[in-house]
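Data block for start00.cif (mmCIF, C-alpha atoms):
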data_upload
#
loop_
_atom_site.group_PDB
_atom_site.id
_atom_site.type_symbol
_atom_site.label_atom_id
_atom_site.label_comp_id
_atom_site.auth_asym_id
_atom_site.auth_seq_id
_atom_site.Cartn_x
_atom_site.Cartn_y
_atom_site.Cartn_z
ATOM 1 C CA MET A 953 27.437 -26.908 16.441
ATOM 2 C CA PRO A 954 25.254 -26.741 19.550
ATOM 3 C CA GLY A 955 21.547 -26.229 19.163
ATOM 4 C CA THR A 956 20.966 -28.116 15.930
ATOM 5 C CA TYR A 957 20.755 -31.795 16.816
ATOM 6 C CA ILE A 958 18.684 -33.856 19.252
ATOM 7 C CA PRO A 959 19.876 -37.376 20.145
ATOM 8 C CA THR A 960 16.389 -38.856 20.091
ATOM 9 C CA ASN A 961 17.494 -42.444 20.713
ATOM 10 C CA TYR A 962 18.795 -41.340 24.125
ATOM 11 C CA LEU A 963 15.322 -40.327 25.316
ATOM 12 C CA PRO A 964 14.919 -43.507 27.456
ATOM 13 C CA VAL A 965 18.251 -42.714 29.149
ATOM 14 C CA ALA A 966 17.074 -39.177 29.889
ATOM 15 C CA ILE A 967 13.785 -40.513 31.270
ATOM 16 C CA ILE A 968 15.489 -42.988 33.592
ATOM 17 C CA MET A 969 17.968 -40.329 34.799
ATOM 18 C CA VAL A 970 15.093 -37.959 35.639
ATOM 19 C CA PHE A 971 13.177 -40.816 37.275
ATOM 20 C CA ALA A 972 16.196 -41.832 39.371
ATOM 21 C CA ALA A 973 16.757 -38.237 40.486
ATOM 22 C CA LEU A 974 13.069 -37.915 41.402
ATOM 23 C CA VAL A 975 13.121 -41.143 43.428
ATOM 24 C CA GLY A 976 16.214 -39.999 45.320
ATOM 25 C CA LEU A 977 14.987 -36.482 45.966
ATOM 26 C CA GLY A 978 11.431 -37.700 46.615
ATOM 27 C CA ALA A 979 12.579 -40.001 49.416
ATOM 28 C CA VAL A 980 14.422 -37.154 51.128
ATOM 29 C CA VAL A 981 11.628 -34.594 50.651
ATOM 30 C CA ALA A 982 8.911 -37.039 51.733
ATOM 31 C CA GLY A 983 10.961 -37.840 54.833
ATOM 32 C CA ILE A 984 11.253 -34.156 55.725
ATOM 33 C CA LEU A 985 7.509 -33.613 55.239
ATOM 34 C CA VAL A 986 6.207 -36.728 57.001
ATOM 35 C CA ARG A 987 8.512 -37.505 59.935
ATOM 36 C CA PRO A 988 8.035 -35.953 63.381
ATOM 37 C CA ARG A 989 11.018 -33.881 64.468
ATOM 38 C CA ARG A 990 11.961 -34.221 68.153
ATOM 39 C CA PRO A 991 15.769 -34.182 68.350
ATOM 40 C CA TYR A 992 17.660 -34.809 71.584
ATOM 41 C CA LEU A 993 21.290 -35.580 72.362
ATOM 42 C CA GLN A 994 21.191 -39.371 72.348
ATOM 43 C CA LYS A 995 19.382 -39.353 69.019
ATOM 44 C CA LEU A 996 21.826 -36.997 67.351
ATOM 45 C CA ILE A 997 25.164 -38.532 68.334
ATOM 46 C CA ALA A 998 26.771 -40.900 65.857
ATOM 47 C CA TYR A 999 25.774 -44.545 66.235
ATOM 48 C CA GLU A 1000 28.799 -46.775 66.821
ATOM 49 C CA SER A 1001 27.181 -50.120 67.626
ATOM 50 C CA GLY A 1002 26.077 -48.975 71.059
ATOM 51 C CA ASN A 1003 29.447 -47.682 72.256
ATOM 52 C CA PRO A 1004 30.007 -43.971 72.904
ATOM 53 C CA PRO A 1005 31.556 -42.480 69.740
ATOM 54 C CA VAL A 1006 35.357 -42.194 69.782
ATOM 55 C CA GLY A 1007 37.411 -39.771 67.682
ATOM 56 C CA GLU A 1008 36.378 -38.121 64.455
ATOM 57 C CA PRO A 1009 34.732 -39.849 61.523
ATOM 58 C CA ARG A 1010 37.189 -38.302 59.063
ATOM 59 C CA TYR A 1011 40.886 -38.911 59.395
ATOM 60 C CA ARG A 1012 43.803 -38.753 56.981
ATOM 61 C CA PHE A 1013 43.895 -41.654 54.614
ATOM 62 C CA SER A 1014 47.136 -43.339 53.669
ATOM 63 C CA VAL A 1015 48.766 -42.149 50.455
ATOM 64 C CA LYS A 1016 48.771 -45.786 49.308
ATOM 65 C CA PHE A 1017 45.165 -45.297 48.217
ATOM 66 C CA TYR A 1018 46.346 -42.553 45.874
ATOM 67 C CA ILE A 1019 48.636 -44.926 43.950
ATOM 68 C CA ILE A 1020 45.795 -47.379 43.512
ATOM 69 C CA ALA A 1021 43.435 -44.635 42.284
ATOM 70 C CA MET A 1022 46.052 -43.232 39.896
ATOM 71 C CA LEU A 1023 46.856 -46.640 38.430
ATOM 72 C CA PHE A 1024 43.137 -47.277 38.051
ATOM 73 C CA VAL A 1025 42.745 -44.053 36.037
ATOM 74 C CA VAL A 1026 45.692 -44.917 33.775
ATOM 75 C CA PHE A 1027 44.586 -48.435 32.952
ATOM 76 C CA ASP A 1028 40.990 -47.247 32.598
ATOM 77 C CA VAL A 1029 42.152 -44.871 29.858
ATOM 78 C CA GLU A 1030 44.120 -47.686 28.256
ATOM 79 C CA ALA A 1031 40.966 -49.816 28.138
ATOM 80 C CA VAL A 1032 39.126 -46.881 26.562
ATOM 81 C CA PHE A 1033 41.708 -46.751 23.765
ATOM 82 C CA LEU A 1034 41.346 -50.507 23.209
ATOM 83 C CA TYR A 1035 37.619 -50.253 22.563
ATOM 84 C CA PRO A 1036 37.533 -48.273 19.251
ATOM 85 C CA TRP A 1037 40.547 -50.293 18.109
ATOM 86 C CA ALA A 1038 38.641 -53.534 18.649
ATOM 87 C CA VAL A 1039 35.599 -52.199 16.787
ATOM 88 C CA ALA A 1040 37.638 -50.952 13.799
ATOM 89 C CA TYR A 1041 40.028 -53.923 13.864
ATOM 90 C CA ASP A 1042 38.893 -55.390 10.530
ATOM 91 C CA LYS A 1043 39.445 -52.074 8.751
ATOM 92 C CA LEU A 1044 42.897 -51.504 10.256
ATOM 93 C CA GLY A 1045 44.482 -54.859 9.513
ATOM 94 C CA ILE A 1046 47.973 -55.913 10.603
ATOM 95 C CA PHE A 1047 49.117 -52.278 10.845
ATOM 96 C CA GLY A 1048 46.530 -51.579 13.519
ATOM 97 C CA PHE A 1049 47.573 -54.704 15.389
ATOM 98 C CA VAL A 1050 51.237 -53.662 15.472
ATOM 99 C CA GLU A 1051 50.527 -50.114 16.631
ATOM 100 C CA MET A 1052 48.275 -51.343 19.427
ATOM 101 C CA MET A 1053 50.934 -53.818 20.505
ATOM 102 C CA LEU A 1054 53.365 -50.884 20.682
ATOM 103 C CA PHE A 1055 50.841 -48.927 22.758
ATOM 104 C CA ILE A 1056 50.336 -51.844 25.143
ATOM 105 C CA PHE A 1057 54.099 -52.493 25.279
ATOM 106 C CA ILE A 1058 54.811 -48.918 26.419
ATOM 107 C CA LEU A 1059 52.219 -49.251 29.166
ATOM 108 C CA LEU A 1060 53.556 -52.704 30.014
ATOM 109 C CA ILE A 1061 56.899 -51.054 30.816
ATOM 110 C CA GLY A 1062 55.039 -48.911 33.336
ATOM 111 C CA TYR A 1063 53.225 -51.947 34.692
ATOM 112 C CA ILE A 1064 56.471 -53.879 35.192
ATOM 113 C CA TYR A 1065 58.042 -50.801 36.807
ATOM 114 C CA VAL A 1066 55.146 -50.508 39.248
ATOM 115 C CA TRP A 1067 55.295 -54.209 40.003
ATOM 116 C CA LYS A 1068 59.081 -54.194 40.604
ATOM 117 C CA LYS A 1069 58.777 -51.168 42.882
ATOM 118 C CA GLY A 1070 56.212 -53.079 44.908
ATOM 119 C CA ALA A 1071 53.374 -50.584 44.543
ATOM 120 C CA PHE A 1072 50.875 -53.444 44.572
ATOM 121 C CA VAL A 1073 52.202 -54.655 47.940
ATOM 122 C CA TRP A 1074 50.249 -53.295 50.905
ATOM 123 C CA GLU A 1075 53.048 -52.488 53.327
ATOM 124 C CA MET B 116 13.745 -20.570 20.077
ATOM 125 C CA THR B 117 13.872 -24.108 18.777
ATOM 126 C CA LEU B 118 13.801 -27.251 20.884
ATOM 127 C CA PRO B 119 17.542 -28.097 20.526
ATOM 128 C CA GLN B 120 18.388 -24.563 21.570
ATOM 129 C CA LEU B 121 16.174 -24.944 24.650
ATOM 130 C CA PHE B 122 18.073 -28.109 25.590
ATOM 131 C CA PHE B 123 21.359 -26.303 25.091
ATOM 132 C CA LEU B 124 20.109 -23.413 27.225
ATOM 133 C CA TYR B 125 19.234 -25.825 30.040
ATOM 134 C CA PHE B 126 22.638 -27.518 29.932
ATOM 135 C CA ALA B 127 24.591 -24.268 29.639
ATOM 136 C CA VAL B 128 22.769 -22.616 32.554
ATOM 137 C CA SER B 129 22.832 -25.681 34.801
ATOM 138 C CA MET B 130 26.512 -26.366 34.071
ATOM 139 C CA THR B 131 27.384 -22.797 35.035
ATOM 140 C CA GLY B 132 25.306 -23.107 38.197
ATOM 141 C CA LEU B 133 26.832 -26.481 39.081
ATOM 142 C CA SER B 134 30.341 -25.123 38.560
ATOM 143 C CA LEU B 135 29.548 -22.299 40.976
ATOM 144 C CA LEU B 136 28.218 -24.853 43.475
ATOM 145 C CA VAL B 137 31.456 -26.841 43.161
ATOM 146 C CA VAL B 138 33.698 -23.870 43.970
ATOM 147 C CA THR B 139 31.521 -22.376 46.728
ATOM 148 C CA ARG B 140 30.802 -25.442 48.920
ATOM 149 C CA ARG B 141 32.526 -25.407 52.298
ATOM 150 C CA ASN B 142 32.704 -29.179 52.578
ATOM 151 C CA PRO B 143 35.040 -30.486 49.824
ATOM 152 C CA VAL B 144 33.173 -33.805 49.649
ATOM 153 C CA HIS B 145 30.013 -31.894 48.728
ATOM 154 C CA SER B 146 32.024 -30.118 46.011
ATOM 155 C CA VAL B 147 33.032 -33.469 44.552
ATOM 156 C CA LEU B 148 29.439 -34.712 44.570
ATOM 157 C CA TRP B 149 28.282 -31.591 42.724
ATOM 158 C CA MET B 150 31.121 -32.197 40.295
ATOM 159 C CA LEU B 151 29.645 -35.622 39.603
ATOM 160 C CA VAL B 152 26.361 -33.987 38.572
ATOM 161 C CA LEU B 153 28.375 -31.519 36.483
ATOM 162 C CA PHE B 154 30.168 -34.375 34.670
ATOM 163 C CA LEU B 155 26.840 -36.007 33.848
ATOM 164 C CA HIS B 156 25.619 -32.732 32.344
ATOM 165 C CA ILE B 157 28.801 -32.408 30.270
ATOM 166 C CA ALA B 158 28.227 -35.956 28.987
ATOM 167 C CA ALA B 159 24.700 -34.992 27.958
ATOM 168 C CA LEU B 160 26.072 -31.945 26.137
ATOM 169 C CA TYR B 161 28.413 -34.230 24.164
ATOM 170 C CA LEU B 162 25.367 -36.256 23.145
ATOM 171 C CA PHE B 163 23.821 -33.105 21.719
ATOM 172 C CA LEU B 164 26.989 -32.585 19.671
ATOM 173 C CA ASN B 165 26.558 -36.061 18.143
ATOM 174 C CA ALA B 166 29.554 -37.409 20.081
ATOM 175 C CA GLU B 167 28.161 -40.543 21.709
ATOM 176 C CA PHE B 168 31.542 -42.136 22.336
ATOM 177 C CA LEU B 169 32.873 -39.033 24.030
ATOM 178 C CA ALA B 170 29.750 -38.915 26.227
ATOM 179 C CA ALA B 171 30.337 -42.505 27.331
ATOM 180 C CA ILE B 172 34.022 -41.782 27.992
ATOM 181 C CA GLN B 173 33.067 -38.682 29.963
ATOM 182 C CA ILE B 174 31.017 -40.865 32.303
ATOM 183 C CA ILE B 175 33.408 -43.842 32.448
ATOM 184 C CA VAL B 176 36.687 -41.950 32.831
ATOM 185 C CA TYR B 177 35.713 -38.650 34.429
ATOM 186 C CA ALA B 178 32.707 -39.594 36.567
ATOM 187 C CA GLY B 179 34.136 -43.047 37.239
ATOM 188 C CA ALA B 180 37.897 -42.739 37.648
ATOM 189 C CA ILE B 181 38.939 -39.080 37.919
ATOM 190 C CA LEU B 182 36.275 -38.353 40.516
ATOM 191 C CA VAL B 183 37.611 -41.205 42.666
ATOM 192 C CA LEU B 184 41.045 -39.590 42.376
ATOM 193 C CA PHE B 185 39.606 -36.245 43.537
ATOM 194 C CA LEU B 186 37.915 -37.963 46.459
ATOM 195 C CA PHE B 187 41.122 -39.732 47.493
ATOM 196 C CA VAL B 188 43.099 -36.496 47.337
ATOM 197 C CA ILE B 189 40.521 -34.810 49.597
ATOM 198 C CA MET B 190 40.741 -37.722 52.032
ATOM 199 C CA LEU B 191 44.547 -37.560 51.943
ATOM 200 C CA LEU B 192 44.634 -33.859 52.713
ATOM 201 C CA ASN B 193 41.927 -34.013 55.409
ATOM 202 C CA LEU B 194 40.882 -30.357 55.150
ATOM 203 C CA ARG B 195 39.529 -29.868 58.685
ATOM 204 C CA ARG B 196 41.092 -26.465 59.278
ATOM 205 C CA GLU B 197 40.344 -25.091 55.818
ATOM 206 C CA GLU B 198 36.658 -25.834 56.258
ATOM 207 C CA THR B 199 36.319 -23.420 59.145
ATOM 208 C CA GLU B 200 38.389 -20.593 57.646
ATOM 209 C CA ARG B 201 37.284 -17.811 55.333
ATOM 210 C CA MET B 202 36.689 -19.221 51.873
ATOM 211 C CA PHE B 203 37.565 -16.311 49.594
ATOM 212 C CA GLN B 204 40.205 -13.625 49.410
ATOM 213 C CA ASP B 205 39.238 -9.984 49.831
ATOM 214 C CA GLN B 206 39.911 -9.383 46.139
ATOM 215 C CA TRP B 207 37.096 -11.626 44.959
ATOM 216 C CA PRO B 208 34.742 -8.781 43.843
ATOM 217 C CA VAL B 209 37.512 -7.515 41.510
ATOM 218 C CA GLY B 210 37.917 -10.990 40.047
ATOM 219 C CA ALA B 211 34.159 -11.348 39.630
ATOM 220 C CA GLY B 212 34.017 -7.923 37.931
ATOM 221 C CA ILE B 213 36.776 -8.835 35.473
ATOM 222 C CA GLY B 214 34.976 -12.108 34.805
ATOM 223 C CA VAL B 215 31.737 -10.301 33.974
ATOM 224 C CA VAL B 216 33.561 -7.872 31.649
ATOM 225 C CA LEU B 217 35.265 -10.754 29.832
ATOM 226 C CA ALA B 218 31.928 -12.575 29.551
ATOM 227 C CA VAL B 219 30.316 -9.495 27.979
ATOM 228 C CA PHE B 220 33.192 -9.195 25.493
ATOM 229 C CA PHE B 221 32.881 -12.883 24.672
ATOM 230 C CA VAL B 222 29.131 -12.647 24.044
ATOM 231 C CA VAL B 223 29.570 -9.554 21.850
ATOM 232 C CA ILE B 224 32.361 -11.146 19.802
ATOM 233 C CA VAL B 225 30.597 -14.478 19.350
ATOM 234 C CA GLY B 226 27.413 -12.627 18.387
ATOM 235 C CA LYS B 227 29.314 -10.888 15.579
ATOM 236 C CA ILE B 228 30.404 -14.159 13.967
ATOM 237 C CA ALA B 229 28.523 -14.321 10.685
ATOM 238 C CA VAL B 230 30.561 -16.803 8.630
ATOM 239 C CA LEU B 231 30.585 -20.372 9.896
ATOM 240 C CA ALA B 232 33.179 -22.909 8.857
ATOM 241 C CA PRO B 233 32.001 -25.280 6.106
ATOM 242 C CA LEU B 234 30.853 -28.695 7.254
ATOM 243 C CA GLY B 235 33.540 -31.341 7.171
ATOM 244 C CA GLU B 236 33.538 -34.913 5.997
ATOM 245 C CA TYR B 237 32.028 -36.289 9.198
ATOM 246 C CA SER B 238 28.502 -34.926 9.143
ATOM 247 C CA ILE B 239 25.871 -36.187 11.598
ATOM 248 C CA ASP B 240 24.363 -38.524 8.990
ATOM 249 C CA ALA B 241 27.734 -39.910 7.872
ATOM 250 C CA VAL B 242 28.794 -40.665 11.430
ATOM 251 C CA GLN B 243 25.483 -42.282 12.298
ATOM 252 C CA ALA B 244 25.486 -44.416 9.179
ATOM 253 C CA GLU B 245 28.930 -45.810 9.957
ATOM 254 C CA GLY B 246 28.656 -45.898 13.740
ATOM 255 C CA HIS B 247 30.369 -43.561 16.156
ATOM 256 C CA ILE B 248 33.051 -45.901 17.433
ATOM 257 C CA MET B 249 33.898 -47.228 13.989
ATOM 258 C CA SER B 250 34.422 -43.728 12.599
ATOM 259 C CA ILE B 251 36.606 -42.771 15.578
ATOM 260 C CA GLY B 252 38.611 -45.997 15.337
ATOM 261 C CA LYS B 253 39.302 -45.581 11.620
ATOM 262 C CA VAL B 254 40.659 -42.059 12.079
ATOM 263 C CA LEU B 255 42.392 -42.427 15.449
ATOM 264 C CA TYR B 256 44.595 -45.382 14.496
ATOM 265 C CA THR B 257 45.595 -44.138 11.035
ATOM 266 C CA LYS B 258 45.569 -40.354 10.685
ATOM 267 C CA PHE B 259 46.182 -39.593 14.379
ATOM 268 C CA LEU B 260 48.608 -42.439 14.971
ATOM 269 C CA LEU B 261 51.354 -40.307 16.506
ATOM 270 C CA PRO B 262 49.106 -38.548 19.072
ATOM 271 C CA PHE B 263 47.704 -41.956 19.973
ATOM 272 C CA GLU B 264 51.155 -43.403 20.652
ATOM 273 C CA ILE B 265 52.172 -40.242 22.512
ATOM 274 C CA ALA B 266 49.126 -40.789 24.739
ATOM 275 C CA SER B 267 50.681 -44.071 25.885
ATOM 276 C CA LEU B 268 53.883 -42.219 26.829
ATOM 277 C CA ILE B 269 51.869 -39.658 28.793
ATOM 278 C CA LEU B 270 50.128 -42.497 30.625
ATOM 279 C CA LEU B 271 53.536 -44.045 31.333
ATOM 280 C CA VAL B 272 54.690 -40.749 32.841
ATOM 281 C CA ALA B 273 51.547 -40.706 35.000
ATOM 282 C CA ILE B 274 52.236 -44.230 36.287
ATOM 283 C CA ILE B 275 55.888 -43.501 37.134
ATOM 284 C CA GLY B 276 55.005 -40.103 38.610
ATOM 285 C CA ALA B 277 52.398 -41.587 40.923
ATOM 286 C CA VAL B 278 54.814 -44.235 42.193
ATOM 287 C CA VAL B 279 57.691 -41.776 42.670
ATOM 288 C CA LEU B 280 55.450 -39.298 44.499
ATOM 289 C CA ALA B 281 53.572 -41.643 46.761
ATOM 290 C CA LYS B 282 55.881 -44.582 47.430
ATOM 291 C CA LYS B 283 57.747 -44.466 50.718
ATOM 292 C CA ARG B 284 60.824 -46.379 49.534
ATOM 293 C CA ILE B 285 61.490 -46.384 45.825
#
As structure tokens - that is how I would like this structure written.
Amino acid sequence: MPGTYIPTNYLPVAIIMVFAALVGLGAVVAGILVRPRRPYLQKLIAYESGNPPVGEPRYRFSVKFYIIAMLFVVFDVEAVFLYPWAVAYDKLGIFGFVEMMLFIFILLIGYIYVWKKGAFVWE
Amino acid sequence: MTLPQLFFLYFAVSMTGLSLLVVTRRNPVHSVLWMLVLFLHIAALYLFLNAEFLAAIQIIVYAGAILVLFLFVIMLLNLRREETERMFQDQWPVGAGIGVVLAVFFVVIVGKIAVLAPLGEYSIDAVQAEGHIMSIGKVLYTKFLLPFEIASLILLVAIIGAVVLAKKRI
């Protein structure tokens, strides 16, 4: 239930998160306060190694990136399921081994399918 | 108000504010970055519920992988025109009003709850004595075996779905 427990051993994590946020924000705020502000056209246009900028910085990305991201999510989740299994392996015994092999086998079907369809090939 | 309640107040208020920032930004990339901050706050809230493993998963899977997926989808769609158009429908005050009414009802109903469920087997002390991941592993792979194996099928569907949707020649 919320509001009853404090994870005290995570205090260092909280401190470093606050510190990191302060460093990031502090750099931006200090820059705004300290720097002189005299904008003109040449200063404001995008820097493209000395050439005049061409086109827009944002364009449509290929859908191939989406497959890679999706497969990354799926196998990331699989790795997450492996972790508690590995920790509790001694308690689960041979039964735990078999069920995890089944889990990996089902995902292996997907992996082989993706491989055969050539989703890893950058066409 | 006790110290844990103050922490909860901070997280509840900032998560609501961050969610509003996510849905009101004009630039979708800014929305995703605010969502990253939101995910970190949700992870911290899990810590306060004595769910360390879930907090780590929240950061690894949501802030790490799902956010990348969001970012790729935004890059795929390339929302140039949407950024310059009106953001909300004309009906939004009605929706906001209904939301406020529902929130009031929710607060009133939750405030009336007097009987809390009895504490289960996995109290804070029991979980901490055994270790978070060990206690999850012992339950997940025995008592919740079927949901665990079904999860692999759902992941399989996600793999095949992604390939079928995005591959030019199947």
Report as a tab-separated table the residues of chain B within 6 Å of chain A, each with its shortest atom pair and distance in Å (one decimal), using only C-alpha atoms, ordered by chain and increasing residue number.
residue	atom	partner	partner_atom	distance
B:Pro119	CA	A:Gly955	CA	4.6
B:Gln120	CA	A:Gly955	CA	4.3
B:Phe123	CA	A:Gly955	CA	5.9
B:Phe163	CA	A:Ile958	CA	5.7
B:Ala180	CA	A:Val1025	CA	5.3
B:Leu184	CA	A:Ala1021	CA	5.6
B:Met190	CA	A:Phe1013	CA	5.7
B:Leu191	CA	A:Phe1013	CA	4.9
B:Asn193	CA	A:Arg1012	CA	5.3
B:Ile248	CA	A:Pro1036	CA	5.4
B:Met249	CA	A:Ala1040	CA	5.3
B:Gly252	CA	A:Pro1036	CA	4.7
B:Glu264	CA	A:Phe1055	CA	5.9
B:Ser267	CA	A:Phe1055	CA	5.8
B:Leu270	CA	A:Val1026	CA	6.0
B:Leu271	CA	A:Gly1062	CA	5.5
B:Ala277	CA	A:Ile1019	CA	5.9
* **Å distance separating CA of Val152 in chain B from CA of Ile984 in chain A, one decimal place** =>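 Calculated distance between CA of Val152 in chain B and CA of Ile984 in chain A is 22.9 Å.
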* Interatomic distance, CA of Pro991 in chain A to CA of Glu198 in chain B (Å, one decimal) ->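 That distance, rounded to one decimal, is 25.5 Å.
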Selection: 9 Å around Leu136 in chain B, all atoms listed in the file, excl. self and same-chain fewer than 2 positions, as a PDB file with C-alpha atoms, keeping the file's coordinate frame:
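Dumped everything to around.pdb:
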ATOM      1  CA  THR B 131      27.384 -22.797  35.035  1.00  0.00           C
ATOM      2  CA  GLY B 132      25.306 -23.107  38.197  1.00  0.00           C
ATOM      3  CA  LEU B 133      26.832 -26.481  39.081  1.00  0.00           C
ATOM      4  CA  SER B 134      30.341 -25.123  38.560  1.00  0.00           C
ATOM      5  CA  VAL B 138      33.698 -23.870  43.970  1.00  0.00           C
ATOM      6  CA  THR B 139      31.521 -22.376  46.728  1.00  0.00           C
ATOM      7  CA  ARG B 140      30.802 -25.442  48.920  1.00  0.00           C
ATOM      8  CA  HIS B 145      30.013 -31.894  48.728  1.00  0.00           C
ATOM      9  CA  SER B 146      32.024 -30.118  46.011  1.00  0.00           C
ATOM     10  CA  TRP B 149      28.282 -31.591  42.724  1.00  0.00           C
ATOM     11  CA  MET B 150      31.121 -32.197  40.295  1.00  0.00           C
TER      12      MET B 150
END
* Atomic separation - CA of Ala127 in chain B relative to CA of Ile157 in chain B, Å -> 9.2 Å
